[in-house]
file final.cif (mmCIF, C-alpha atoms and all ligand atoms)
data_entry
loop_
_atom_site.label_atom_id
_atom_site.label_comp_id
_atom_site.auth_asym_id
_atom_site.auth_seq_id
_atom_site.Cartn_x
_atom_site.Cartn_y
_atom_site.Cartn_z
CA MET A 1 -125.34 7.52 -21.10
CA LYS A 2 -123.44 6.93 -17.87
CA VAL A 3 -119.79 7.87 -18.36
CA LEU A 4 -116.78 7.14 -16.13
CA VAL A 5 -113.53 9.12 -16.44
CA VAL A 6 -110.39 7.64 -14.85
CA GLY A 7 -107.78 10.05 -13.44
CA SER A 8 -107.46 13.00 -11.09
CA GLY A 9 -105.68 15.88 -12.81
CA GLY A 10 -106.39 19.02 -14.77
CA ARG A 11 -106.59 16.92 -17.92
CA GLU A 12 -109.43 14.82 -16.52
CA HIS A 13 -111.19 17.97 -15.30
CA ALA A 14 -111.00 19.41 -18.83
CA ILE A 15 -112.36 16.16 -20.32
CA ILE A 16 -115.27 16.23 -17.85
CA TRP A 17 -115.91 19.95 -18.44
CA LYS A 18 -116.29 19.18 -22.15
CA LEU A 19 -118.32 15.98 -21.65
CA LYS A 20 -120.81 17.94 -19.55
CA GLN A 21 -121.76 19.86 -22.69
CA SER A 22 -122.77 16.64 -24.44
CA PRO A 23 -126.52 15.97 -24.47
CA LYS A 24 -125.62 12.26 -24.51
CA ALA A 25 -123.81 12.35 -21.13
CA ASP A 26 -126.59 11.97 -18.56
CA LYS A 27 -124.36 11.15 -15.62
CA ILE A 28 -120.59 11.52 -15.25
CA TYR A 29 -118.43 9.73 -12.67
CA CYS A 30 -114.73 10.22 -12.02
CA ALA A 31 -112.29 7.86 -10.30
CA PRO A 32 -110.71 9.17 -8.18
CA GLY A 33 -111.11 12.83 -9.26
CA ASN A 34 -110.35 15.87 -7.09
CA ALA A 35 -112.23 18.63 -5.27
CA GLY A 36 -112.86 20.66 -8.44
CA ILE A 37 -113.95 17.66 -10.46
CA ALA A 38 -116.39 16.86 -7.64
CA GLN A 39 -118.33 19.99 -8.63
CA ASP A 40 -118.87 18.63 -12.15
CA ALA A 41 -119.02 14.84 -11.67
CA GLN A 42 -119.62 12.25 -9.00
CA CYS A 43 -116.21 11.21 -7.66
CA VAL A 44 -115.65 7.63 -6.56
CA PRO A 45 -112.70 6.74 -4.32
CA ILE A 46 -111.00 4.22 -6.60
CA GLY A 47 -107.40 4.82 -7.69
CA ALA A 48 -106.53 4.88 -11.37
CA MET A 49 -104.35 1.78 -10.97
CA GLU A 50 -107.00 -0.25 -9.11
CA ILE A 51 -108.05 -1.90 -12.33
CA ASP A 52 -110.16 -4.73 -10.88
CA LYS A 53 -112.11 -2.27 -8.74
CA LEU A 54 -112.67 0.05 -11.70
CA VAL A 55 -114.06 -2.83 -13.78
CA GLN A 56 -116.28 -3.95 -10.90
CA PHE A 57 -117.59 -0.40 -10.42
CA ALA A 58 -118.38 -0.08 -14.12
CA LYS A 59 -120.29 -3.37 -14.02
CA ASP A 60 -122.16 -2.58 -10.79
CA GLU A 61 -123.18 0.91 -11.93
CA ASN A 62 -123.94 -0.09 -15.53
CA ILE A 63 -121.45 2.42 -16.92
CA ASP A 64 -121.98 2.74 -20.67
CA PHE A 65 -118.65 4.28 -21.57
CA THR A 66 -115.31 4.67 -19.73
CA ILE A 67 -112.54 7.11 -20.66
CA ILE A 68 -109.01 6.52 -19.40
CA GLY A 69 -107.08 9.77 -18.92
CA MET A 70 -103.75 8.59 -17.52
CA ASP A 71 -100.82 6.70 -19.00
CA ASP A 72 -100.02 4.21 -16.21
CA PRO A 73 -103.30 2.26 -16.27
CA LEU A 74 -103.26 2.22 -20.08
CA VAL A 75 -99.75 0.77 -20.17
CA ALA A 76 -100.82 -1.73 -17.47
CA GLY A 77 -103.72 -2.98 -19.63
CA VAL A 78 -106.83 -1.32 -18.16
CA VAL A 79 -108.54 -1.26 -21.56
CA ASP A 80 -108.04 -4.99 -22.05
CA ALA A 81 -109.55 -5.60 -18.59
CA PHE A 82 -112.67 -3.56 -19.45
CA GLU A 83 -113.05 -5.19 -22.87
CA ALA A 84 -112.74 -8.66 -21.36
CA GLU A 85 -115.96 -7.89 -19.45
CA GLY A 86 -117.70 -6.55 -22.55
CA LEU A 87 -117.47 -2.94 -21.33
CA ARG A 88 -117.04 -0.02 -23.77
CA VAL A 89 -113.85 1.90 -23.06
CA PHE A 90 -111.92 4.68 -24.77
CA GLY A 91 -108.14 4.25 -24.91
CA PRO A 92 -105.50 2.01 -26.46
CA ARG A 93 -105.10 -1.62 -25.41
CA LYS A 94 -101.91 -2.65 -23.67
CA ASN A 95 -100.30 -3.79 -26.91
CA ALA A 96 -100.83 -0.31 -28.41
CA ALA A 97 -100.18 1.79 -25.27
CA ILE A 98 -96.63 0.42 -25.48
CA ILE A 99 -96.02 3.21 -28.00
CA GLU A 100 -95.72 5.43 -24.89
CA GLY A 101 -94.74 2.71 -22.41
CA SER A 102 -91.52 1.73 -24.16
CA LYS A 103 -89.29 4.24 -25.90
CA ALA A 104 -87.30 1.37 -27.43
CA PHE A 105 -90.52 0.05 -28.99
CA SER A 106 -91.51 3.45 -30.39
CA LYS A 107 -88.04 4.15 -31.78
CA ASP A 108 -87.87 0.72 -33.45
CA LEU A 109 -91.34 1.28 -34.92
CA MET A 110 -90.27 4.62 -36.39
CA LYS A 111 -87.07 3.13 -37.79
CA LYS A 112 -88.92 0.18 -39.36
CA TYR A 113 -91.55 2.38 -41.01
CA GLY A 114 -89.36 5.34 -41.98
CA ILE A 115 -91.02 7.87 -39.65
CA PRO A 116 -88.67 10.83 -39.06
CA THR A 117 -87.07 10.82 -35.59
CA ALA A 118 -83.67 11.34 -33.93
CA LYS A 119 -80.98 8.70 -34.63
CA TYR A 120 -80.58 6.31 -31.71
CA GLU A 121 -79.38 3.00 -30.32
CA THR A 122 -80.89 0.93 -27.51
CA PHE A 123 -78.98 -0.99 -24.85
CA ASP A 124 -79.77 -3.30 -21.98
CA ASN A 125 -76.09 -3.79 -21.15
CA TYR A 126 -74.39 -1.03 -19.16
CA ASP A 127 -70.85 -1.56 -20.50
CA GLU A 128 -72.01 -1.47 -24.11
CA ALA A 129 -74.10 1.63 -23.45
CA LYS A 130 -71.11 3.37 -21.85
CA LYS A 131 -68.79 2.44 -24.71
CA TYR A 132 -71.35 3.82 -27.17
CA VAL A 133 -71.91 7.19 -25.45
CA LEU A 134 -68.17 7.74 -25.20
CA SER A 135 -67.90 7.23 -28.97
CA GLN A 136 -70.57 9.85 -29.72
CA SER A 137 -70.42 13.62 -29.80
CA VAL A 138 -72.17 15.71 -27.12
CA PRO A 139 -74.77 16.94 -26.25
CA ILE A 140 -76.41 13.54 -26.25
CA VAL A 141 -79.76 12.36 -24.88
CA VAL A 142 -80.13 9.36 -22.54
CA LYS A 143 -83.64 8.02 -21.96
CA ALA A 144 -84.98 5.35 -19.63
CA ASP A 145 -87.04 2.95 -21.73
CA GLY A 146 -90.23 2.89 -19.62
CA LEU A 147 -92.56 5.37 -17.93
CA ALA A 148 -90.73 7.61 -15.47
CA LEU A 149 -93.22 10.38 -14.63
CA GLY A 150 -91.75 12.50 -17.43
CA LYS A 151 -88.35 12.52 -15.69
CA GLY A 152 -86.60 9.71 -17.55
CA VAL A 153 -85.06 11.91 -20.25
CA LEU A 154 -81.59 13.29 -19.50
CA ILE A 155 -79.95 15.77 -21.84
CA CYS A 156 -76.23 15.42 -21.29
CA GLN A 157 -73.81 18.22 -22.17
CA SER A 158 -70.62 16.19 -21.61
CA HIS A 159 -69.44 12.57 -21.68
CA ASP A 160 -69.16 12.65 -17.87
CA GLU A 161 -72.81 13.69 -17.60
CA ALA A 162 -73.84 10.95 -20.03
CA VAL A 163 -72.02 8.27 -18.02
CA ALA A 164 -73.59 9.66 -14.82
CA ALA A 165 -77.00 9.41 -16.51
CA LEU A 166 -76.36 5.77 -17.38
CA ASP A 167 -75.30 5.14 -13.77
CA GLU A 168 -78.49 6.72 -12.45
CA ILE A 169 -80.78 4.83 -14.81
CA MET A 170 -79.10 1.43 -15.19
CA VAL A 171 -77.08 0.98 -11.96
CA ASP A 172 -78.89 3.00 -9.28
CA LYS A 173 -82.23 2.13 -10.92
CA LYS A 174 -83.57 5.60 -10.19
CA PHE A 175 -86.61 4.84 -12.36
CA GLY A 176 -86.94 1.22 -11.29
CA ALA A 177 -87.64 -1.35 -13.98
CA SER A 178 -88.17 1.48 -16.50
CA GLY A 179 -84.39 1.76 -16.62
CA SER A 180 -83.42 -1.81 -17.43
CA LYS A 181 -83.14 -0.62 -21.02
CA VAL A 182 -81.96 2.77 -22.31
CA VAL A 183 -82.34 4.65 -25.56
CA ILE A 184 -79.35 6.82 -26.43
CA GLU A 185 -80.29 9.42 -28.93
CA GLU A 186 -78.88 12.22 -31.06
CA PHE A 187 -79.58 15.70 -29.60
CA LEU A 188 -81.90 17.73 -31.80
CA THR A 189 -82.77 21.42 -31.62
CA GLY A 190 -85.82 23.36 -32.67
CA PRO A 191 -89.22 24.46 -31.41
CA GLU A 192 -91.49 21.76 -30.04
CA VAL A 193 -95.18 21.35 -30.82
CA SER A 194 -97.74 18.94 -29.37
CA VAL A 195 -100.25 17.58 -31.84
CA LEU A 196 -102.83 15.28 -30.28
CA SER A 197 -105.04 13.19 -32.51
CA PHE A 198 -108.15 11.04 -32.36
CA CYS A 199 -107.60 7.51 -33.67
CA ASP A 200 -109.91 4.57 -34.30
CA GLY A 201 -107.23 2.10 -35.34
CA LYS A 202 -107.45 3.08 -39.01
CA THR A 203 -108.25 6.78 -39.28
CA VAL A 204 -106.30 9.57 -37.59
CA VAL A 205 -107.72 13.07 -37.09
CA PRO A 206 -105.31 15.65 -35.67
CA MET A 207 -106.66 18.16 -33.16
CA VAL A 208 -105.63 21.83 -33.06
CA SER A 209 -101.94 22.25 -32.16
CA ALA A 210 -100.54 23.31 -28.78
CA GLN A 211 -97.23 24.24 -27.18
CA ASP A 212 -96.16 23.44 -23.65
CA HIS A 213 -93.83 25.36 -21.31
CA LYS A 214 -92.07 22.60 -19.38
CA ARG A 215 -89.52 24.46 -17.23
CA ALA A 216 -90.46 25.71 -13.76
CA TYR A 217 -89.41 29.38 -14.17
CA ASP A 218 -89.76 32.24 -16.63
CA ASN A 219 -87.53 32.23 -19.72
CA ASP A 220 -87.38 28.43 -19.61
CA GLU A 221 -85.19 28.36 -16.53
CA GLY A 222 -85.30 25.86 -13.68
CA LEU A 223 -86.18 22.20 -13.62
CA ASN A 224 -88.43 20.33 -16.02
CA THR A 225 -91.99 19.94 -14.75
CA GLY A 226 -95.11 18.18 -15.94
CA GLY A 227 -95.93 21.46 -17.72
CA MET A 228 -96.34 25.00 -16.34
CA GLY A 229 -98.65 26.23 -19.07
CA THR A 230 -99.77 25.79 -22.64
CA PHE A 231 -101.22 27.69 -25.54
CA SER A 232 -103.15 26.78 -28.66
CA PRO A 233 -102.71 27.19 -31.56
CA SER A 234 -98.95 27.04 -32.05
CA ARG A 235 -97.66 29.93 -34.15
CA ILE A 236 -95.20 27.76 -36.07
CA TYR A 237 -97.59 24.91 -36.90
CA THR A 238 -98.97 26.02 -40.26
CA LYS A 239 -101.46 24.20 -42.49
CA GLU A 240 -98.58 23.23 -44.80
CA ILE A 241 -96.67 21.67 -41.92
CA ASN A 242 -99.82 19.86 -40.77
CA ASP A 243 -100.35 18.44 -44.29
CA ASP A 244 -96.73 17.31 -44.35
CA CYS A 245 -96.99 15.69 -40.89
CA MET A 246 -100.20 13.96 -41.94
CA GLU A 247 -98.40 12.20 -44.82
CA LYS A 248 -95.01 11.60 -43.18
CA ILE A 249 -95.88 11.02 -39.52
CA PHE A 250 -99.55 10.72 -38.49
CA LYS A 251 -100.93 8.33 -41.12
CA PRO A 252 -97.74 6.22 -41.28
CA THR A 253 -97.74 5.77 -37.48
CA VAL A 254 -101.36 4.65 -37.32
CA ALA A 255 -100.86 2.36 -40.34
CA ALA A 256 -97.69 0.93 -38.79
CA MET A 257 -99.47 0.12 -35.53
CA ALA A 258 -102.30 -1.59 -37.42
CA LYS A 259 -99.81 -3.56 -39.52
CA GLU A 260 -98.04 -4.71 -36.35
CA GLY A 261 -101.35 -6.08 -35.03
CA ARG A 262 -101.57 -3.26 -32.48
CA PRO A 263 -104.36 -0.99 -33.77
CA PHE A 264 -104.28 2.30 -31.87
CA VAL A 265 -107.66 3.45 -30.56
CA GLY A 266 -107.79 6.56 -28.40
CA VAL A 267 -105.77 9.76 -28.30
CA LEU A 268 -102.34 9.50 -29.89
CA TYR A 269 -100.18 12.44 -28.88
CA PHE A 270 -97.33 13.36 -31.22
CA GLY A 271 -94.54 15.28 -29.49
CA LEU A 272 -92.86 16.96 -32.46
CA MET A 273 -89.76 19.07 -33.03
CA LEU A 274 -89.30 21.32 -36.04
CA THR A 275 -85.64 20.70 -36.85
CA LYS A 276 -83.61 22.11 -39.73
CA ASP A 277 -84.35 18.82 -41.52
CA GLY A 278 -88.10 19.11 -41.02
CA MET A 279 -90.51 17.83 -38.42
CA LYS A 280 -89.35 14.87 -36.31
CA VAL A 281 -91.07 12.81 -33.63
CA ILE A 282 -89.55 13.34 -30.17
CA GLU A 283 -92.04 11.11 -28.38
CA TYR A 284 -95.45 9.50 -28.57
CA ASN A 285 -97.96 9.54 -25.74
CA ALA A 286 -100.97 7.23 -25.65
CA ARG A 287 -103.36 9.76 -24.05
CA PHE A 288 -104.33 13.41 -23.81
CA GLY A 289 -101.55 15.77 -22.64
CA ASP A 290 -101.66 17.66 -19.38
CA PRO A 291 -101.90 20.71 -19.58
CA GLU A 292 -102.39 20.58 -23.38
CA THR A 293 -105.94 19.30 -22.95
CA GLN A 294 -106.82 22.41 -20.97
CA VAL A 295 -106.27 24.56 -24.10
CA ILE A 296 -107.37 22.07 -26.76
CA LEU A 297 -110.78 20.92 -25.53
CA PRO A 298 -112.15 24.44 -24.91
CA ARG A 299 -111.52 25.03 -28.63
CA LEU A 300 -113.47 21.93 -29.71
CA LYS A 301 -116.89 22.77 -31.11
CA SER A 302 -118.06 19.18 -31.75
CA ASP A 303 -119.40 16.75 -29.16
CA LEU A 304 -116.42 15.00 -27.51
CA LEU A 305 -118.45 11.96 -26.47
CA GLU A 306 -119.61 11.39 -30.05
CA ILE A 307 -116.02 11.57 -31.31
CA MET A 308 -114.82 9.14 -28.65
CA GLU A 309 -117.62 6.71 -29.48
CA ALA A 310 -116.65 6.94 -33.15
CA CYS A 311 -113.08 6.00 -32.20
CA VAL A 312 -114.27 2.91 -30.33
CA ASP A 313 -116.75 1.99 -33.12
CA THR A 314 -114.16 2.51 -35.91
CA THR A 315 -116.32 5.15 -37.60
CA LEU A 316 -114.05 8.15 -37.20
CA ASP A 317 -113.89 8.60 -41.00
CA LYS A 318 -117.59 9.54 -40.90
CA MET A 319 -117.12 12.32 -38.34
CA ASP A 320 -116.84 16.00 -39.21
CA ILE A 321 -114.89 17.42 -36.28
CA GLN A 322 -115.27 21.20 -35.87
CA TRP A 323 -113.07 23.65 -33.95
CA TYR A 324 -113.54 27.27 -32.92
CA ASP A 325 -111.36 29.77 -34.74
CA ASN A 326 -110.02 31.23 -31.49
CA ALA A 327 -107.08 30.77 -29.11
CA ALA A 328 -106.54 29.52 -25.57
CA VAL A 329 -103.79 29.97 -22.99
CA CYS A 330 -103.54 27.91 -19.79
CA VAL A 331 -101.40 29.15 -16.89
CA VAL A 332 -100.67 26.60 -14.18
CA GLU A 333 -100.80 27.82 -10.58
CA ALA A 334 -98.37 25.58 -8.70
CA SER A 335 -97.28 25.30 -5.08
CA GLY A 336 -93.98 27.14 -4.42
CA GLY A 337 -91.13 24.62 -4.56
CA TYR A 338 -92.73 22.41 -7.23
CA PRO A 339 -91.43 20.18 -8.82
CA VAL A 340 -89.15 19.30 -5.89
CA LYS A 341 -90.62 19.96 -2.45
CA TYR A 342 -93.79 21.86 -1.64
CA ASP A 343 -96.41 22.19 1.07
CA LYS A 344 -100.07 21.27 0.84
CA GLY A 345 -103.23 22.37 2.62
CA TYR A 346 -103.34 26.13 1.86
CA GLU A 347 -106.78 27.61 1.34
CA ILE A 348 -107.63 28.65 -2.22
CA THR A 349 -109.53 31.94 -2.55
CA GLY A 350 -111.14 33.88 -5.39
CA LEU A 351 -112.69 30.99 -7.29
CA ASP A 352 -116.15 32.56 -7.09
CA SER A 353 -114.96 35.69 -8.86
CA VAL A 354 -114.62 33.84 -12.19
CA LYS A 355 -117.60 31.51 -11.80
CA GLY A 356 -119.93 31.51 -14.79
CA ARG A 357 -117.47 33.25 -17.11
CA ASP A 358 -116.91 31.55 -20.42
CA ASP A 359 -113.62 33.36 -21.15
CA ILE A 360 -111.87 32.17 -17.97
CA ILE A 361 -112.10 28.48 -17.07
CA VAL A 362 -110.54 26.97 -13.96
CA PHE A 363 -109.39 23.36 -14.15
CA HIS A 364 -108.44 21.70 -10.89
CA ALA A 365 -105.37 19.44 -10.61
CA GLY A 366 -104.10 19.19 -7.01
CA THR A 367 -107.01 20.38 -4.88
CA ALA A 368 -108.90 18.86 -1.97
CA GLU A 369 -111.72 19.82 0.34
CA LYS A 370 -110.92 20.28 4.01
CA ASP A 371 -113.43 21.48 6.61
CA GLY A 372 -115.67 22.85 3.88
CA LYS A 373 -112.83 24.81 2.26
CA LEU A 374 -110.89 24.20 -0.95
CA VAL A 375 -107.20 23.67 -0.25
CA THR A 376 -104.05 22.93 -2.23
CA ASN A 377 -103.23 19.24 -2.45
CA GLY A 378 -100.44 18.84 -5.02
CA GLY A 379 -97.62 20.45 -6.97
CA ARG A 380 -99.71 21.64 -9.85
CA VAL A 381 -102.82 23.03 -8.15
CA LEU A 382 -104.94 24.74 -10.81
CA GLY A 383 -104.84 25.44 -14.53
CA ILE A 384 -106.41 28.77 -15.47
CA THR A 385 -107.44 28.81 -19.13
CA GLY A 386 -108.19 32.07 -20.89
CA ILE A 387 -110.08 32.11 -24.17
CA GLY A 388 -109.80 34.91 -26.72
CA LYS A 389 -109.81 35.73 -30.41
CA ASP A 390 -106.03 35.38 -30.49
CA ILE A 391 -103.20 34.30 -28.13
CA ASP A 392 -102.71 37.85 -26.78
CA GLU A 393 -106.34 38.19 -25.75
CA ALA A 394 -106.39 34.65 -24.32
CA ARG A 395 -103.21 35.43 -22.36
CA THR A 396 -104.76 38.55 -20.87
CA LYS A 397 -107.80 36.58 -19.73
CA ALA A 398 -105.73 33.74 -18.27
CA TYR A 399 -103.60 36.15 -16.21
CA GLU A 400 -106.72 38.02 -15.10
CA GLY A 401 -107.85 34.71 -13.60
CA VAL A 402 -104.41 34.06 -12.08
CA ASP A 403 -104.56 37.45 -10.32
CA LEU A 404 -107.99 36.70 -8.88
CA ILE A 405 -107.36 33.16 -7.65
CA ASP A 406 -104.89 32.95 -4.84
CA PHE A 407 -103.27 30.75 -2.23
CA GLU A 408 -100.18 30.97 -0.07
CA LYS A 409 -96.88 30.28 -1.89
CA LYS A 410 -98.61 30.43 -5.28
CA HIS A 411 -96.07 30.03 -8.07
CA PHE A 412 -96.71 30.53 -11.76
CA ARG A 413 -94.83 31.54 -14.87
CA HIS A 414 -95.43 35.04 -16.23
CA ASP A 415 -94.50 34.23 -19.82
CA ILE A 416 -96.98 31.55 -20.87
CA GLY A 417 -98.01 32.09 -24.46
CA ILE A 418 -94.94 34.17 -25.23
CA LYS A 419 -92.44 32.16 -27.23
CA LYS A 420 -89.83 33.52 -29.55
CA TYR A 421 -91.08 31.10 -32.18
P1 LIG A 501 -89.84 13.09 -23.80
O1 LIG A 501 -90.22 12.62 -22.42
O2 LIG A 501 -89.33 12.01 -24.69
O3 LIG A 501 -90.86 13.99 -24.39
O4 LIG A 501 -88.66 14.11 -23.58
C1 LIG A 501 -88.81 15.22 -22.74
C2 LIG A 501 -88.18 16.42 -23.38
O5 LIG A 501 -86.79 16.19 -23.60
C3 LIG A 501 -88.75 16.75 -24.75
O6 LIG A 501 -89.91 17.51 -24.67
C4 LIG A 501 -87.60 17.53 -25.34
O7 LIG A 501 -87.62 18.87 -24.89
C5 LIG A 501 -86.38 16.85 -24.77
N1 LIG A 501 -85.82 15.87 -25.71
C6 LIG A 501 -86.17 14.58 -25.84
N2 LIG A 501 -85.47 14.00 -26.83
C7 LIG A 501 -84.67 14.93 -27.35
C8 LIG A 501 -83.69 14.95 -28.39
N3 LIG A 501 -83.41 13.86 -29.10
N4 LIG A 501 -83.05 16.10 -28.65
C9 LIG A 501 -83.32 17.22 -27.92
N5 LIG A 501 -84.22 17.27 -26.92
C10 LIG A 501 -84.89 16.15 -26.62
N1 LIG A 502 -97.55 18.02 -21.07
C1 LIG A 502 -96.84 16.87 -21.49
C2 LIG A 502 -97.55 15.60 -21.34
O1 LIG A 502 -98.73 15.52 -21.04
O2 LIG A 502 -96.92 14.57 -21.57
#

call {"tool": "encode", "arguments": {"input": "final.cif", "output": "structure tokens"}}
result
Amino acid sequence: MKVLVVGSGGREHAIIWKLKQSPKADKIYCAPGNAGIAQDAQCVPIGAMEIDKLVQFAKDENIDFTIIGMDDPLVAGVVDAFEAEGLRVFGPRKNAAIIEGSKAFSKDLMKKYGIPTAKYETFDNYDEAKKYVLSQSVPIVVKADGLALGKGVLICQSHDEAVAALDEIMVDKKFGASGSKVVIEEFLTGPEVSVLSFCDGKTVVPMVSAQDHKRAYDNDEGLNTGGMGTFSPSRIYTKEINDDCMEKIFKPTVAAMAKEGRPFVGVLYFGLMLTKDGMKVIEYNARFGDPETQVILPRLKSDLLEIMEACVDTTLDKMDIQWYDNAAVCVVEASGGYPVKYDKGYEITGLDSVKGRDDIIVFHAGTAEKDGKLVTNGGRVLGITGIGKDIDEARTKAYEGVDLIDFEKKHFRHDIGIKKY
């Protein structure tokens, strides 16, 4: 089969790394990819949002199967565009990707179907939103309705902060059209777990659990980022909790989407928080997580392409998905200054020293080739995944890789995989 993967981050590199192990994947393309992906797939210079060009490329090259990694094209309807041309594509249609694309939609869905989540109200009128936040206790959470590069969630410690958040989102339009509506939500506390799942519209199969470290600096200090590192499995996510989530969250969500005429096909990512009242949904994503994928897929024993085909063919209930009984830790090497301001173009050294090892895997995110050298080309540059029998061993391997692979102004967290819970 000829397979096309759409995206350019560490997540897409991990998907391609796993697809390469499939005997069914004869040729893998990536649009647009990055310098590391180019070592594992043929990169084509088409942006992830250039939907017409992607469809044309898939037709011209007789691509058998396309996998969409990123959220923006999914929310914009890339899957519908492929299907309209009779092309096979893995990911939710526009009317299902809305579960990530609109927080108001996802909250209303959860309310309607009794899926546990934080209490909330939605507003498209600034004065009403302001009146409401002032009537609530703090901390309180203000969220822009639409996609905002993971930055549209503001946790407000005071009423002044909450009003400032509304100003930013609804008046200054900091997140553009994403902020024409807001969700104002009760503040919850507890450890967070990411559980990604395969879905075929009817059946949902959770993957192994993961936890993300979102803040830029050690001990969860500094600004929120796209994710500075992950580990799998989560220590708090027991089999009992998984069984409970299956009945109260995973199956009800997939059934609700089907009932609404929006069958969800693809990867449905449940962002969960273990509160004192049990597990609650913090958010849904309509795709693989980044950098969760970099610890989850190395633990998958089964053929990823076969699973994805089963999702598209609605035969997921027939699949027996197997995982390794091991652990993985991914440490992100970022450019100093990320997530605010950082330089690009520094040479990356040491990659050869881990080549061929199966206990240290390097996934490229922001890298490029310049004059025959690999250079930094983004905030998150590389994800170094260590594999071991448990988290401690996987951590040791990941940091061994981090020591070996270097570039100027390299920044990484030292505490990935260490959580108090
Ligand atoms: P989201 O983009 O919805 O995942 O939100 C980003 C982060 O904000 C989450 O991972 C949580 O850490 C935090 N967050 C979101 N909603 C709440 C809430 N209701 N209570 C506490 N923290 C929250
Ligand atoms: N790591 C969080 C996400 O992919 O949304």

call {"tool": "closest_residue", "arguments": {"input": "final.cif", "among": "A:Gly366, A:Gly383, A:Gly152, A:Gly401", "to": "Asp352 (chain A)", "atoms": "only C-alpha atoms"}}
result
A:Gly401

call {"tool": "residues_around", "arguments": {"input": "final.cif", "residues": "region 27-38 of chain A", "least_positions_apart": "3", "cutoff": "9 Å", "atoms": "only C-alpha atoms", "output": "ChimeraX atom specification"}}
result
/A:1-10,12-13,16-17,19-20,41-48,54,63,362-369,374-375

call {"tool": "residues_around", "arguments": {"input": "final.cif", "residues": "Asn224 (chain A)", "least_positions_apart": "2", "cutoff": "8 Å", "atoms": "all atoms listed in the file", "output": "list of chain:residue names"}}
result
A:Lys151, A:Lys214, A:Arg215, A:Ala216, A:Gly222, A:Gly226, A:Gly227, A:Pro339

call {"tool": "residues_near_ligand", "arguments": {"input": "final.cif", "ligand": "ligand LIG 501 (chain A)", "cutoff": "9 Å", "atoms": "only C-alpha atoms and all ligand atoms", "output": "MDAnalysis selection string"}}
result
chainID A and resid 103 117:120 139:143 147:155 184:193 212 214 224 271:273 281:285

call {"tool": "residues_near_point", "arguments": {"input": "final.cif", "point": "(-101.0, 36.8, -26.3)", "cutoff": "10 Å", "atoms": "all atoms listed in the file", "output": "tab-separated table (two decimals) with C-alpha atoms, in the frame of the given file"}}
result
chain	number	residue	atom	x	y	z
A	231	PHE	CA	-101.22	27.69	-25.54
A	327	ALA	CA	-107.08	30.77	-29.11
A	328	ALA	CA	-106.54	29.52	-25.57
A	329	VAL	CA	-103.79	29.97	-22.99
A	388	GLY	CA	-109.80	34.91	-26.72
A	389	LYS	CA	-109.81	35.73	-30.41
A	390	ASP	CA	-106.03	35.38	-30.49
A	391	ILE	CA	-103.20	34.30	-28.13
A	392	ASP	CA	-102.71	37.85	-26.78
A	393	GLU	CA	-106.34	38.19	-25.75
A	394	ALA	CA	-106.39	34.65	-24.32
A	395	ARG	CA	-103.21	35.43	-22.36
A	396	THR	CA	-104.76	38.55	-20.87
A	397	LYS	CA	-107.80	36.58	-19.73
A	398	ALA	CA	-105.73	33.74	-18.27
A	415	ASP	CA	-94.50	34.23	-19.82
A	416	ILE	CA	-96.98	31.55	-20.87
A	417	GLY	CA	-98.01	32.09	-24.46
A	418	ILE	CA	-94.94	34.17	-25.23
A	419	LYS	CA	-92.44	32.16	-27.23

call {"tool": "closest_residue", "arguments": {"input": "final.cif", "among": "A:Ala165, A:Ala97, A:Leu297, A:Leu305", "to": "Pro23 (chain A)", "atoms": "all atoms listed in the file"}}
result
A:Leu305
